[in-house]
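K.L.:
One file: coords.cif (mmCIF, C-alpha atoms (C1' of nucleotides)).
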data_input
loop_
_atom_site.group_PDB
_atom_site.id
_atom_site.type_symbol
_atom_site.label_atom_id
_atom_site.label_comp_id
_atom_site.auth_asym_id
_atom_site.auth_seq_id
_atom_site.Cartn_x
_atom_site.Cartn_y
_atom_site.Cartn_z
ATOM 1 C CA MET A 1 -130.127 89.575 -144.321
ATOM 2 C CA ARG A 2 -127.449 89.661 -141.623
ATOM 3 C CA ILE A 3 -125.865 86.568 -140.161
ATOM 4 C CA GLY A 4 -128.028 86.488 -137.039
ATOM 5 C CA GLU A 5 -131.195 86.542 -139.083
ATOM 6 C CA LEU A 6 -129.887 83.815 -141.359
ATOM 7 C CA SER A 7 -129.031 81.841 -138.247
ATOM 8 C CA ARG A 8 -132.547 82.143 -136.860
ATOM 9 C CA ALA A 9 -134.142 81.361 -140.236
ATOM 10 C CA SER A 10 -132.016 78.286 -140.827
ATOM 11 C CA GLY A 11 -131.524 77.018 -137.322
ATOM 12 C CA VAL A 12 -127.780 76.942 -137.870
ATOM 13 C CA GLU A 13 -125.584 78.717 -135.349
ATOM 14 C CA VAL A 14 -123.770 81.881 -136.339
ATOM 15 C CA ALA A 15 -120.361 80.396 -135.688
ATOM 16 C CA THR A 16 -121.272 77.352 -137.730
ATOM 17 C CA ILE A 17 -122.339 79.505 -140.679
ATOM 18 C CA ARG A 18 -118.972 81.232 -140.657
ATOM 19 C CA TYR A 19 -117.327 77.845 -140.375
ATOM 20 C CA TYR A 20 -119.199 76.593 -143.456
ATOM 21 C CA GLU A 21 -118.080 79.665 -145.355
ATOM 22 C CA LYS A 22 -114.473 79.039 -144.435
ATOM 23 C CA ALA A 23 -114.864 75.375 -145.382
ATOM 24 C CA GLY A 24 -116.113 76.412 -148.815
ATOM 25 C CA LEU A 25 -119.622 75.011 -148.452
ATOM 26 C CA LEU A 26 -121.355 78.340 -148.281
ATOM 27 C CA LEU A 27 -120.510 81.008 -150.845
ATOM 28 C CA CYS A 28 -119.046 84.224 -149.500
ATOM 29 C CA PRO A 29 -121.856 86.775 -149.278
ATOM 30 C CA ARG A 30 -121.399 90.395 -150.268
ATOM 31 C CA ARG A 31 -120.682 92.802 -147.451
ATOM 32 C CA GLN A 32 -122.566 95.809 -146.137
ATOM 33 C CA LEU A 33 -120.670 99.089 -145.817
ATOM 34 C CA ASN A 34 -119.872 98.306 -142.195
ATOM 35 C CA GLY A 35 -118.356 94.963 -143.166
ATOM 36 C CA TYR A 36 -121.289 92.847 -142.009
ATOM 37 C CA ARG A 37 -122.140 89.830 -144.162
ATOM 38 C CA ASP A 38 -125.240 90.368 -146.293
ATOM 39 C CA TYR A 39 -127.060 87.193 -147.268
ATOM 40 C CA GLY A 40 -129.794 86.519 -149.817
ATOM 41 C CA THR A 41 -132.376 83.753 -150.081
ATOM 42 C CA GLU A 42 -129.972 81.666 -152.161
ATOM 43 C CA HIS A 43 -127.751 81.434 -149.100
ATOM 44 C CA LEU A 44 -130.670 80.383 -146.941
ATOM 45 C CA GLU A 45 -131.608 77.685 -149.458
ATOM 46 C CA ARG A 46 -128.095 76.368 -149.613
ATOM 47 C CA LEU A 47 -127.680 76.439 -145.862
ATOM 48 C CA ALA A 48 -130.965 74.585 -145.342
ATOM 49 C CA PHE A 49 -129.796 72.003 -147.871
ATOM 50 C CA ILE A 50 -126.599 71.529 -145.890
ATOM 51 C CA ARG A 51 -128.617 71.207 -142.712
ATOM 52 C CA GLN A 52 -130.780 68.481 -144.228
ATOM 53 C CA CYS A 53 -127.719 66.513 -145.208
ATOM 54 C CA ARG A 54 -126.080 67.009 -141.819
ATOM 55 C CA ALA A 55 -129.274 65.873 -140.108
ATOM 56 C CA MET A 56 -128.634 62.588 -141.890
ATOM 57 C CA ASP A 57 -125.101 62.628 -140.544
ATOM 58 C CA MET A 58 -123.460 63.005 -143.921
ATOM 59 C CA PRO A 59 -119.869 64.182 -143.727
ATOM 60 C CA LEU A 60 -119.294 67.692 -145.021
ATOM 61 C CA ALA A 61 -117.219 66.310 -147.885
ATOM 62 C CA SER A 62 -120.272 64.424 -149.153
ATOM 63 C CA VAL A 63 -122.450 67.478 -148.688
ATOM 64 C CA ALA A 64 -119.954 69.447 -150.746
ATOM 65 C CA ARG A 65 -120.158 66.851 -153.510
ATOM 66 C CA LEU A 66 -123.951 66.950 -153.504
ATOM 67 C CA LEU A 67 -123.877 70.730 -153.710
ATOM 68 C CA GLY A 68 -121.522 70.364 -156.649
ATOM 69 C CA PHE A 69 -123.961 68.071 -158.391
ATOM 70 C CA GLN A 70 -126.819 70.420 -157.627
ATOM 71 C CA HIS A 71 -125.162 73.534 -158.949
ATOM 72 C CA GLY A 72 -122.732 72.148 -161.493
ATOM 73 C CA ALA A 73 -123.093 70.961 -165.061
ATOM 74 C CA PRO A 74 -125.561 68.093 -165.593
ATOM 75 C CA THR A 75 -124.029 64.644 -165.309
ATOM 76 C CA ASP A 76 -125.105 61.124 -164.880
ATOM 77 C CA CYS A 77 -126.393 60.885 -161.335
ATOM 78 C CA ASN A 78 -125.052 57.432 -160.544
ATOM 79 C CA ASP A 79 -122.479 59.051 -158.302
ATOM 80 C CA ILE A 80 -125.258 60.533 -156.198
ATOM 81 C CA ASN A 81 -126.964 57.168 -155.876
ATOM 82 C CA LYS A 82 -123.664 55.643 -154.946
ATOM 83 C CA LEU A 83 -123.015 58.288 -152.333
ATOM 84 C CA VAL A 84 -126.373 57.640 -150.702
ATOM 85 C CA ASP A 85 -125.925 53.879 -150.942
ATOM 86 C CA GLU A 86 -122.549 54.089 -149.283
ATOM 87 C CA HIS A 87 -123.853 56.307 -146.548
ATOM 88 C CA LEU A 88 -126.705 53.890 -146.011
ATOM 89 C CA SER A 89 -124.381 50.958 -145.550
ATOM 90 C CA LEU A 90 -122.250 53.011 -143.207
ATOM 91 C CA ILE A 91 -125.310 53.721 -141.057
ATOM 92 C CA ARG A 92 -126.379 50.084 -141.201
ATOM 93 C CA GLY A 93 -122.923 49.013 -140.124
ATOM 94 C CA ARG A 94 -123.143 51.375 -137.215
ATOM 95 C CA ILE A 95 -126.547 50.038 -136.224
ATOM 96 C CA GLU A 96 -125.158 46.508 -136.141
ATOM 97 C CA ASN A 97 -122.239 47.655 -134.035
ATOM 98 C CA MET A 98 -124.511 49.487 -131.658
ATOM 99 C CA HIS A 99 -126.731 46.443 -131.230
ATOM 100 C CA ALA A 100 -123.755 44.255 -130.440
ATOM 101 C CA LEU A 101 -122.612 46.923 -128.014
ATOM 102 C CA GLU A 102 -126.006 47.043 -126.352
ATOM 103 C CA GLU A 103 -125.945 43.262 -125.858
ATOM 104 C CA ARG A 104 -122.494 43.404 -124.416
ATOM 105 C CA LEU A 105 -123.398 46.205 -122.044
ATOM 106 C CA MET A 106 -126.565 44.482 -120.872
ATOM 107 C CA THR A 107 -124.656 41.315 -120.088
ATOM 108 C CA LEU A 108 -122.029 43.363 -118.334
ATOM 109 C CA ARG A 109 -124.602 45.303 -116.349
ATOM 110 C CA ALA A 110 -126.279 42.097 -115.189
ATOM 111 C CA ARG A 111 -123.031 41.089 -113.501
ATOM 112 C CA CYS A 112 -123.365 43.556 -110.691
ATOM 113 C CA SER A 113 -126.189 44.328 -108.314
ATOM 114 C CA GLU A 114 -126.725 47.115 -105.819
ATOM 115 C CA GLY A 115 -124.854 47.479 -102.599
ATOM 116 C CA LYS A 116 -121.640 45.713 -103.535
ATOM 117 C CA GLN A 117 -118.134 46.938 -102.953
ATOM 118 C CA THR A 118 -115.733 47.579 -105.817
ATOM 119 C CA PRO A 119 -113.491 44.543 -105.145
ATOM 120 C CA ASP A 120 -116.571 42.317 -105.578
ATOM 121 C CA CYS A 121 -118.036 44.207 -108.507
ATOM 122 C CA GLY A 122 -119.010 41.763 -111.238
ATOM 123 C CA ILE A 123 -118.634 44.447 -113.860
ATOM 124 C CA LEU A 124 -114.996 45.107 -113.063
ATOM 125 C CA HIS A 125 -114.304 41.371 -112.826
ATOM 126 C CA GLU A 126 -115.974 40.698 -116.138
ATOM 127 C CA LEU A 127 -114.026 43.477 -117.843
ATOM 128 C CA ALA A 128 -110.740 42.316 -116.376
ATOM 129 C CA ALA A 129 -111.462 38.711 -117.319
ATOM 130 C CA SER A 130 -112.302 39.444 -120.922
ATOM 131 C CA ALA A 131 -109.242 41.673 -121.074
ATOM 132 C CA ARG A 132 -107.079 38.713 -119.999
ATOM 133 C CA GLU A 133 -108.751 36.490 -122.547
ATOM 134 C CA SER A 134 -107.965 38.952 -125.292
ATOM 135 C CA TYR A 135 -104.228 38.376 -125.367
ATOM 136 C CA MET B 1 -91.276 44.278 -123.183
ATOM 137 C CA ARG B 2 -90.754 47.114 -125.670
ATOM 138 C CA ILE B 3 -93.567 49.178 -127.077
ATOM 139 C CA GLY B 4 -93.787 47.280 -130.374
ATOM 140 C CA GLU B 5 -94.199 43.987 -128.576
ATOM 141 C CA LEU B 6 -96.838 45.433 -126.278
ATOM 142 C CA SER B 7 -98.586 46.785 -129.344
ATOM 143 C CA ARG B 8 -98.656 43.377 -131.015
ATOM 144 C CA ALA B 9 -99.739 41.649 -127.808
ATOM 145 C CA SER B 10 -102.566 44.084 -127.117
ATOM 146 C CA GLY B 11 -103.653 44.992 -130.602
ATOM 147 C CA VAL B 12 -103.284 48.664 -129.743
ATOM 148 C CA GLU B 13 -101.172 50.815 -132.034
ATOM 149 C CA VAL B 14 -97.837 52.137 -130.817
ATOM 150 C CA ALA B 15 -98.872 55.749 -131.221
ATOM 151 C CA THR B 16 -102.085 55.066 -129.338
ATOM 152 C CA ILE B 17 -100.188 53.501 -126.448
ATOM 153 C CA ARG B 18 -98.051 56.616 -126.153
ATOM 154 C CA TYR B 19 -101.208 58.690 -126.370
ATOM 155 C CA TYR B 20 -102.774 56.759 -123.480
ATOM 156 C CA GLU B 21 -99.661 57.319 -121.430
ATOM 157 C CA LYS B 22 -99.813 61.056 -122.061
ATOM 158 C CA ALA B 23 -103.518 61.038 -121.249
ATOM 159 C CA GLY B 24 -102.739 59.420 -117.918
ATOM 160 C CA LEU B 25 -104.565 56.147 -118.573
ATOM 161 C CA LEU B 26 -101.472 54.041 -118.807
ATOM 162 C CA LEU B 27 -98.798 54.328 -116.147
ATOM 163 C CA CYS B 28 -95.379 55.479 -117.291
ATOM 164 C CA PRO B 29 -93.191 52.403 -117.704
ATOM 165 C CA ARG B 30 -89.590 52.317 -116.583
ATOM 166 C CA ARG B 31 -86.999 52.954 -119.271
ATOM 167 C CA GLN B 32 -84.205 50.826 -120.646
ATOM 168 C CA LEU B 33 -80.706 52.320 -120.733
ATOM 169 C CA ASN B 34 -81.259 53.516 -124.272
ATOM 170 C CA GLY B 35 -84.429 55.344 -123.259
ATOM 171 C CA TYR B 36 -86.830 52.769 -124.713
ATOM 172 C CA ARG B 37 -90.014 52.140 -122.736
ATOM 173 C CA ASP B 38 -89.928 48.837 -120.844
ATOM 174 C CA TYR B 39 -93.342 47.354 -120.079
ATOM 175 C CA GLY B 40 -94.427 44.537 -117.784
ATOM 176 C CA THR B 41 -97.482 42.300 -117.779
ATOM 177 C CA GLU B 42 -99.321 44.781 -115.569
ATOM 178 C CA HIS B 43 -99.198 47.241 -118.440
ATOM 179 C CA LEU B 44 -100.526 44.656 -120.840
ATOM 180 C CA GLU B 45 -103.392 43.883 -118.475
ATOM 181 C CA ARG B 46 -104.275 47.488 -118.045
ATOM 182 C CA LEU B 47 -104.042 48.186 -121.772
ATOM 183 C CA ALA B 48 -106.259 45.219 -122.568
ATOM 184 C CA PHE B 49 -108.767 46.502 -120.030
ATOM 185 C CA ILE B 50 -108.772 49.873 -121.766
ATOM 186 C CA ARG B 51 -109.228 48.159 -125.112
ATOM 187 C CA GLN B 52 -112.260 46.246 -123.823
ATOM 188 C CA CYS B 53 -113.851 49.458 -122.657
ATOM 189 C CA ARG B 54 -113.042 51.281 -125.864
ATOM 190 C CA ALA B 55 -114.488 48.387 -127.848
ATOM 191 C CA MET B 56 -117.732 49.273 -126.107
ATOM 192 C CA ASP B 57 -117.223 52.864 -127.176
ATOM 193 C CA MET B 58 -116.763 54.196 -123.688
ATOM 194 C CA PRO B 59 -115.153 57.619 -123.531
ATOM 195 C CA LEU B 60 -111.640 57.656 -122.118
ATOM 196 C CA ALA B 61 -112.870 59.646 -119.116
ATOM 197 C CA SER B 62 -115.165 56.761 -118.151
ATOM 198 C CA VAL B 63 -112.390 54.270 -118.724
ATOM 199 C CA ALA B 64 -110.205 56.319 -116.413
ATOM 200 C CA ARG B 65 -112.904 56.223 -113.747
ATOM 201 C CA LEU B 66 -113.259 52.455 -114.062
ATOM 202 C CA LEU B 67 -109.504 52.051 -113.751
ATOM 203 C CA GLY B 68 -109.678 54.174 -110.647
ATOM 204 C CA PHE B 69 -112.330 51.917 -109.151
ATOM 205 C CA GLN B 70 -110.312 48.876 -110.106
ATOM 206 C CA HIS B 71 -107.067 50.003 -108.568
ATOM 207 C CA GLY B 72 -108.223 52.387 -105.869
ATOM 208 C CA ALA B 73 -109.600 51.899 -102.395
ATOM 209 C CA PRO B 74 -112.759 49.777 -102.119
ATOM 210 C CA THR B 75 -115.966 51.755 -102.380
ATOM 211 C CA ASP B 76 -119.587 51.154 -102.949
ATOM 212 C CA CYS B 77 -119.847 50.188 -106.602
ATOM 213 C CA ASN B 78 -123.088 51.999 -107.358
ATOM 214 C CA ASP B 79 -121.107 54.520 -109.365
ATOM 215 C CA ILE B 80 -119.897 51.751 -111.634
ATOM 216 C CA ASN B 81 -123.418 50.494 -112.159
ATOM 217 C CA LYS B 82 -124.523 54.023 -112.888
ATOM 218 C CA LEU B 83 -121.715 54.538 -115.365
ATOM 219 C CA VAL B 84 -122.702 51.407 -117.266
ATOM 220 C CA ASP B 85 -126.394 52.298 -117.111
ATOM 221 C CA GLU B 86 -125.733 55.732 -118.511
ATOM 222 C CA HIS B 87 -123.578 54.379 -121.256
ATOM 223 C CA LEU B 88 -126.275 51.894 -122.077
ATOM 224 C CA SER B 89 -128.904 54.594 -122.493
ATOM 225 C CA LEU B 90 -126.504 56.610 -124.605
ATOM 226 C CA ILE B 91 -126.055 53.645 -126.930
ATOM 227 C CA ARG B 92 -129.793 53.019 -127.033
ATOM 228 C CA GLY B 93 -130.411 56.624 -127.941
ATOM 229 C CA ARG B 94 -127.919 56.325 -130.739
ATOM 230 C CA ILE B 95 -129.584 53.182 -132.022
ATOM 231 C CA GLU B 96 -132.901 54.991 -132.235
ATOM 232 C CA ASN B 97 -131.287 57.873 -134.092
ATOM 233 C CA MET B 98 -129.585 55.523 -136.488
ATOM 234 C CA HIS B 99 -132.822 53.721 -137.246
ATOM 235 C CA ALA B 100 -134.578 56.981 -138.035
ATOM 236 C CA LEU B 101 -131.633 57.893 -140.222
ATOM 237 C CA GLU B 102 -131.795 54.600 -142.036
ATOM 238 C CA GLU B 103 -135.475 55.122 -142.788
ATOM 239 C CA ARG B 104 -134.834 58.583 -144.086
ATOM 240 C CA LEU B 105 -131.985 57.438 -146.293
ATOM 241 C CA MET B 106 -133.966 54.543 -147.704
ATOM 242 C CA THR B 107 -136.818 56.833 -148.656
ATOM 243 C CA LEU B 108 -134.337 59.231 -150.163
ATOM 244 C CA ARG B 109 -132.578 56.525 -152.089
ATOM 245 C CA ALA B 110 -135.847 55.261 -153.557
ATOM 246 C CA ARG B 111 -136.332 58.640 -155.203
ATOM 247 C CA CYS B 112 -133.735 58.092 -157.850
ATOM 248 C CA SER B 113 -133.124 55.276 -160.271
ATOM 249 C CA GLU B 114 -130.227 54.454 -162.583
ATOM 250 C CA GLY B 115 -129.398 56.361 -165.715
ATOM 251 C CA LYS B 116 -130.819 59.741 -164.790
ATOM 252 C CA GLN B 117 -129.129 63.080 -165.154
ATOM 253 C CA THR B 118 -128.407 65.313 -162.158
ATOM 254 C CA PRO B 119 -131.100 67.913 -162.972
ATOM 255 C CA ASP B 120 -133.711 65.129 -162.825
ATOM 256 C CA CYS B 121 -132.273 63.362 -159.813
ATOM 257 C CA GLY B 122 -135.027 62.639 -157.303
ATOM 258 C CA ILE B 123 -132.523 62.604 -154.466
ATOM 259 C CA LEU B 124 -131.374 66.149 -155.090
ATOM 260 C CA HIS B 125 -134.958 67.297 -155.579
ATOM 261 C CA GLU B 126 -136.086 65.660 -152.381
ATOM 262 C CA LEU B 127 -133.239 67.188 -150.411
ATOM 263 C CA ALA B 128 -133.884 70.634 -151.858
ATOM 264 C CA ALA B 129 -137.613 70.329 -151.210
ATOM 265 C CA SER B 130 -137.267 69.342 -147.589
ATOM 266 C CA ALA B 131 -134.714 72.106 -147.181
ATOM 267 C CA ARG B 132 -137.286 74.633 -148.423
ATOM 268 C CA GLU B 133 -139.893 73.200 -146.098
ATOM 269 C CA SER B 134 -137.576 73.586 -143.162
ATOM 270 C CA TYR B 135 -137.689 77.398 -143.007
ATOM 271 C "C1'" DT C 1 -128.308 112.143 -125.888
ATOM 272 C "C1'" DA C 2 -125.845 108.904 -123.141
ATOM 273 C "C1'" DG C 3 -125.165 104.472 -122.113
ATOM 274 C "C1'" DA C 4 -126.268 99.699 -122.124
ATOM 275 C "C1'" DA C 5 -127.433 95.669 -124.630
ATOM 276 C "C1'" DA C 6 -127.280 93.176 -128.654
ATOM 277 C "C1'" DC C 7 -125.115 92.426 -132.663
ATOM 278 C "C1'" DT C 8 -121.068 91.904 -135.795
ATOM 279 C "C1'" DC C 9 -116.081 91.305 -137.028
ATOM 280 C "C1'" DT C 10 -111.416 88.586 -136.966
ATOM 281 C "C1'" DG C 11 -108.379 85.241 -135.344
ATOM 282 C "C1'" DT C 12 -107.178 81.703 -132.208
ATOM 283 C "C1'" DA C 13 -107.663 77.756 -129.315
ATOM 284 C "C1'" DG C 14 -110.190 73.972 -127.454
ATOM 285 C "C1'" DT C 15 -112.965 69.479 -127.889
ATOM 286 C "C1'" DA C 16 -112.195 63.581 -128.558
ATOM 287 C "C1'" DG C 17 -109.310 60.185 -129.824
ATOM 288 C "C1'" DC C 18 -106.468 59.315 -132.232
ATOM 289 C "C1'" DT C 19 -103.108 59.360 -136.729
ATOM 290 C "C1'" DT C 20 -99.347 61.103 -139.255
ATOM 291 C "C1'" DC C 21 -95.228 63.512 -139.875
ATOM 292 C "C1'" DA C 22 -90.474 65.262 -139.225
ATOM 293 C "C1'" DA C 23 -86.092 64.605 -137.608
ATOM 294 C "C1'" DG C 24 -83.433 62.067 -135.236
ATOM 295 C "C1'" DG C 25 -81.175 57.991 -132.151
ATOM 296 C "C1'" DT C 26 -80.463 52.634 -131.565
ATOM 297 C "C1'" DC C 27 -79.752 48.003 -132.819
ATOM 298 C "C1'" DA C 28 -79.269 43.588 -135.463
ATOM 299 C "C1'" DA C 29 -78.121 41.592 -139.687
ATOM 300 C "C1'" DT C 30 -75.764 41.606 -144.077
ATOM 301 C "C1'" DA D 1 -70.499 50.073 -143.632
ATOM 302 C "C1'" DT D 2 -74.979 50.351 -144.551
ATOM 303 C "C1'" DT D 3 -79.591 48.850 -144.774
ATOM 304 C "C1'" DG D 4 -83.855 48.215 -142.404
ATOM 305 C "C1'" DA D 5 -86.566 47.774 -138.402
ATOM 306 C "C1'" DC D 6 -87.216 49.679 -134.316
ATOM 307 C "C1'" DC D 7 -87.367 53.491 -130.864
ATOM 308 C "C1'" DT D 8 -87.493 58.694 -129.256
ATOM 309 C "C1'" DT D 9 -89.843 63.500 -129.050
ATOM 310 C "C1'" DG D 10 -92.780 67.197 -130.346
ATOM 311 C "C1'" DA D 11 -95.955 69.114 -133.372
ATOM 312 C "C1'" DA D 12 -99.544 69.131 -136.722
ATOM 313 C "C1'" DG D 13 -103.679 67.118 -138.908
ATOM 314 C "C1'" DC D 14 -108.252 65.011 -138.773
ATOM 315 C "C1'" DT D 15 -114.032 66.172 -138.128
ATOM 316 C "C1'" DA D 16 -117.342 69.462 -137.194
ATOM 317 C "C1'" DC D 17 -117.871 72.421 -134.496
ATOM 318 C "C1'" DT D 18 -117.798 75.571 -130.130
ATOM 319 C "C1'" DA D 19 -115.945 79.103 -127.307
ATOM 320 C "C1'" DC D 20 -113.304 82.885 -126.366
ATOM 321 C "C1'" DA D 21 -110.808 87.466 -126.663
ATOM 322 C "C1'" DG D 22 -110.841 91.956 -128.127
ATOM 323 C "C1'" DA D 23 -112.628 95.130 -131.037
ATOM 324 C "C1'" DG D 24 -116.171 97.835 -133.790
ATOM 325 C "C1'" DT D 25 -121.451 98.804 -134.881
ATOM 326 C "C1'" DT D 26 -126.180 99.218 -134.244
ATOM 327 C "C1'" DT D 27 -130.302 99.507 -131.667
ATOM 328 C "C1'" DC D 28 -132.991 100.080 -127.670
ATOM 329 C "C1'" DT D 29 -134.031 102.449 -123.442
ATOM 330 C "C1'" DA D 30 -133.870 106.035 -119.808
#
In structure tokens, how does this file's structure come out?
P.N.:
Amino acid sequence: MRIGELSRASGVEVATIRYYEKAGLLLCPRRQLNGYRDYGTEHLERLAFIRQCRAMDMPLASVARLLGFQHGAPTDCNDINKLVDEHLSLIRGRIENMHALEERLMTLRARCSEGKQTPDCGILHELAASARESY
Amino acid sequence: MRIGELSRASGVEVATIRYYEKAGLLLCPRRQLNGYRDYGTEHLERLAFIRQCRAMDMPLASVARLLGFQHGAPTDCNDINKLVDEHLSLIRGRIENMHALEERLMTLRARCSEGKQTPDCGILHELAASARESY
DNA sequence: TAGAAACTCTGTAGTAGCTTCAAGGTCAAT
DNA sequence: ATTGACCTTGAAGCTACTACAGAGTTTCTA
């Protein structure tokens, strides 16, 4: 399978596949006589695995660790649980942040209505005021 | 005021202040005889304004536009409202994503319990399975 | 069979928003 | 005199790609 086919099968862009190879996440495939990369189903599996992890916004370093667990010698899998737990709290932290942000933006947005001029814009005034309060 | 003092007053790191200057967000301050940057309160104000915007995760390009509105000629402020509205929907989109992610991670996490070995880890199996389903 | 289109290769640079580093100059206190 | 804290610049590193340049290969179409 050439890289374009792998790309279509996996839904991962060609350039990204090469990037993963360089980053050590995807094993180097053998080459055809013309130098083209020649992938097998094991590459597709691995790439799809990476895609699943990335869809959950895991950093590539974590994906690499999971791949290590998957293909390495059997170990206690507490580290895997921990990795997922930590990622979960990261996401939850972000959600909290985003909610606070949403609140802040809604309040801010309510400060200005249509048809005003910039010197009277409640948004700019609010931002400037809270800036002054911050120091 | 030297850069370290401005940094302490604003809560923005020295290197970041210089970065903002290079990026054109912060006006170049005059220099002392020894070449040190010499800031006034107007810089502190502006920097604090930037910090407020960044705390709401606005991209620097948007911050630059807001600064332009703040210090430029008076205009209709619909563009400001629009900028905030768009940022708000961006944040809301992210929140939705994050919630879906949280769900997915919780389900994933529930697949494995303590004291297992990697070949029996439900997390790895689940990830591999959904990878296989994806192509 | 010629030529165009689609594919592949490598290496490099660009993106956002910083952070860190290297190598040096300045200044106050000991 | 020297230590330590501060300042200067420019360049590189970070994440995870994406885009481009310039070249070679394969495949389709006229």
K.L.:
I need the chain A residues near chain B as a ChimeraX atom specification; criterion: at most 8 Å, counting all atoms listed in the file.
P.N.:
/A:9-10,45,48-49,51-53,56,66,69-70,74-78,80-81,84-85,88,91-92,94-95,98-99,101-102,104-106,109,112-119,121,123-124,127-128,130-132,134-135
K.L.:
My list of candidates is A:Glu126, A:Glu5, A:Glu42, A:Glu13. Which is closest to chain C when distances are computed with only C-alpha atoms (C1' of nucleotides)?
P.N.:
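Using only C-alpha atoms (C1' of nucleotides), chain C sits closest to A:Glu5.
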K.L.:
Taking every C-alpha atom in sequence order, what RMSD separates chain A from chain B after the best least-squares fit?
P.N.:
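The C-alpha RMSD comes to 0.4 Å.
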K.L.:
Enumerate, as a ChimeraX atom specification, the residues matched when the PyMOL selection byres ((chain B) within 10 of (chain D)) is run on the file above.
P.N.:
/B:2-4,34-37
K.L.:
Select all residues from chain B having any atom no more than 8 Å from an atom of chain C (counting only C-alpha atoms (C1' of nucleotides), ignoring ligands), output as a list of chain:residue names.
P.N.:
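Close enough to count are B:Ala15, B:Thr16, B:Tyr19, B:Asn34.
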K.L.:
Can you write out the residues you just picked, keeping C-alpha atoms, as a PDB file, keeping the file's coordinate frame?
P.N.:
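Result saved to part_39.pdb:
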ATOM      1  CA  ALA B  15     -98.872  55.749-131.221  1.00  0.00           C
ATOM      2  CA  THR B  16    -102.085  55.066-129.338  1.00  0.00           C
ATOM      3  CA  TYR B  19    -101.208  58.690-126.370  1.00  0.00           C
ATOM      4  CA  ASN B  34     -81.259  53.516-124.272  1.00  0.00           C
TER       5      ASN B  34
END
K.L.:
Provide the atom CA of A:Arg54 to atom CA of A:Leu26 distance in Å, to one decimal place.
P.N.:
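Atom-to-atom, atom CA of A:Arg54 to atom CA of A:Leu26, that is 13.9 Å.
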K.L.:
Give me, please, the distance in Å between atom CA of B:Arg30 and atom CA of B:Leu60, quoted to one decimal.
P.N.:
23.4 Å
K.L.:
Atom CA of B:Lys22 and atom CA of B:Leu6, how far apart in Å?
P.N.:
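Going from atom CA of B:Leu6 over to atom CA of B:Lys22, I get 16.5 Å.
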K.L.:
Using only the atoms of stretch 58-73 of chain B listed in the file, plus 5 Å on each side, state the axis-aligned box centre and edge lengths in Å rounded to one decimal, as JSON.
P.N.:
{"center_x": -111.9, "center_y": 54.3, "center_z": -113.0, "size_x": 19.7, "size_y": 20.8, "size_z": 31.3}
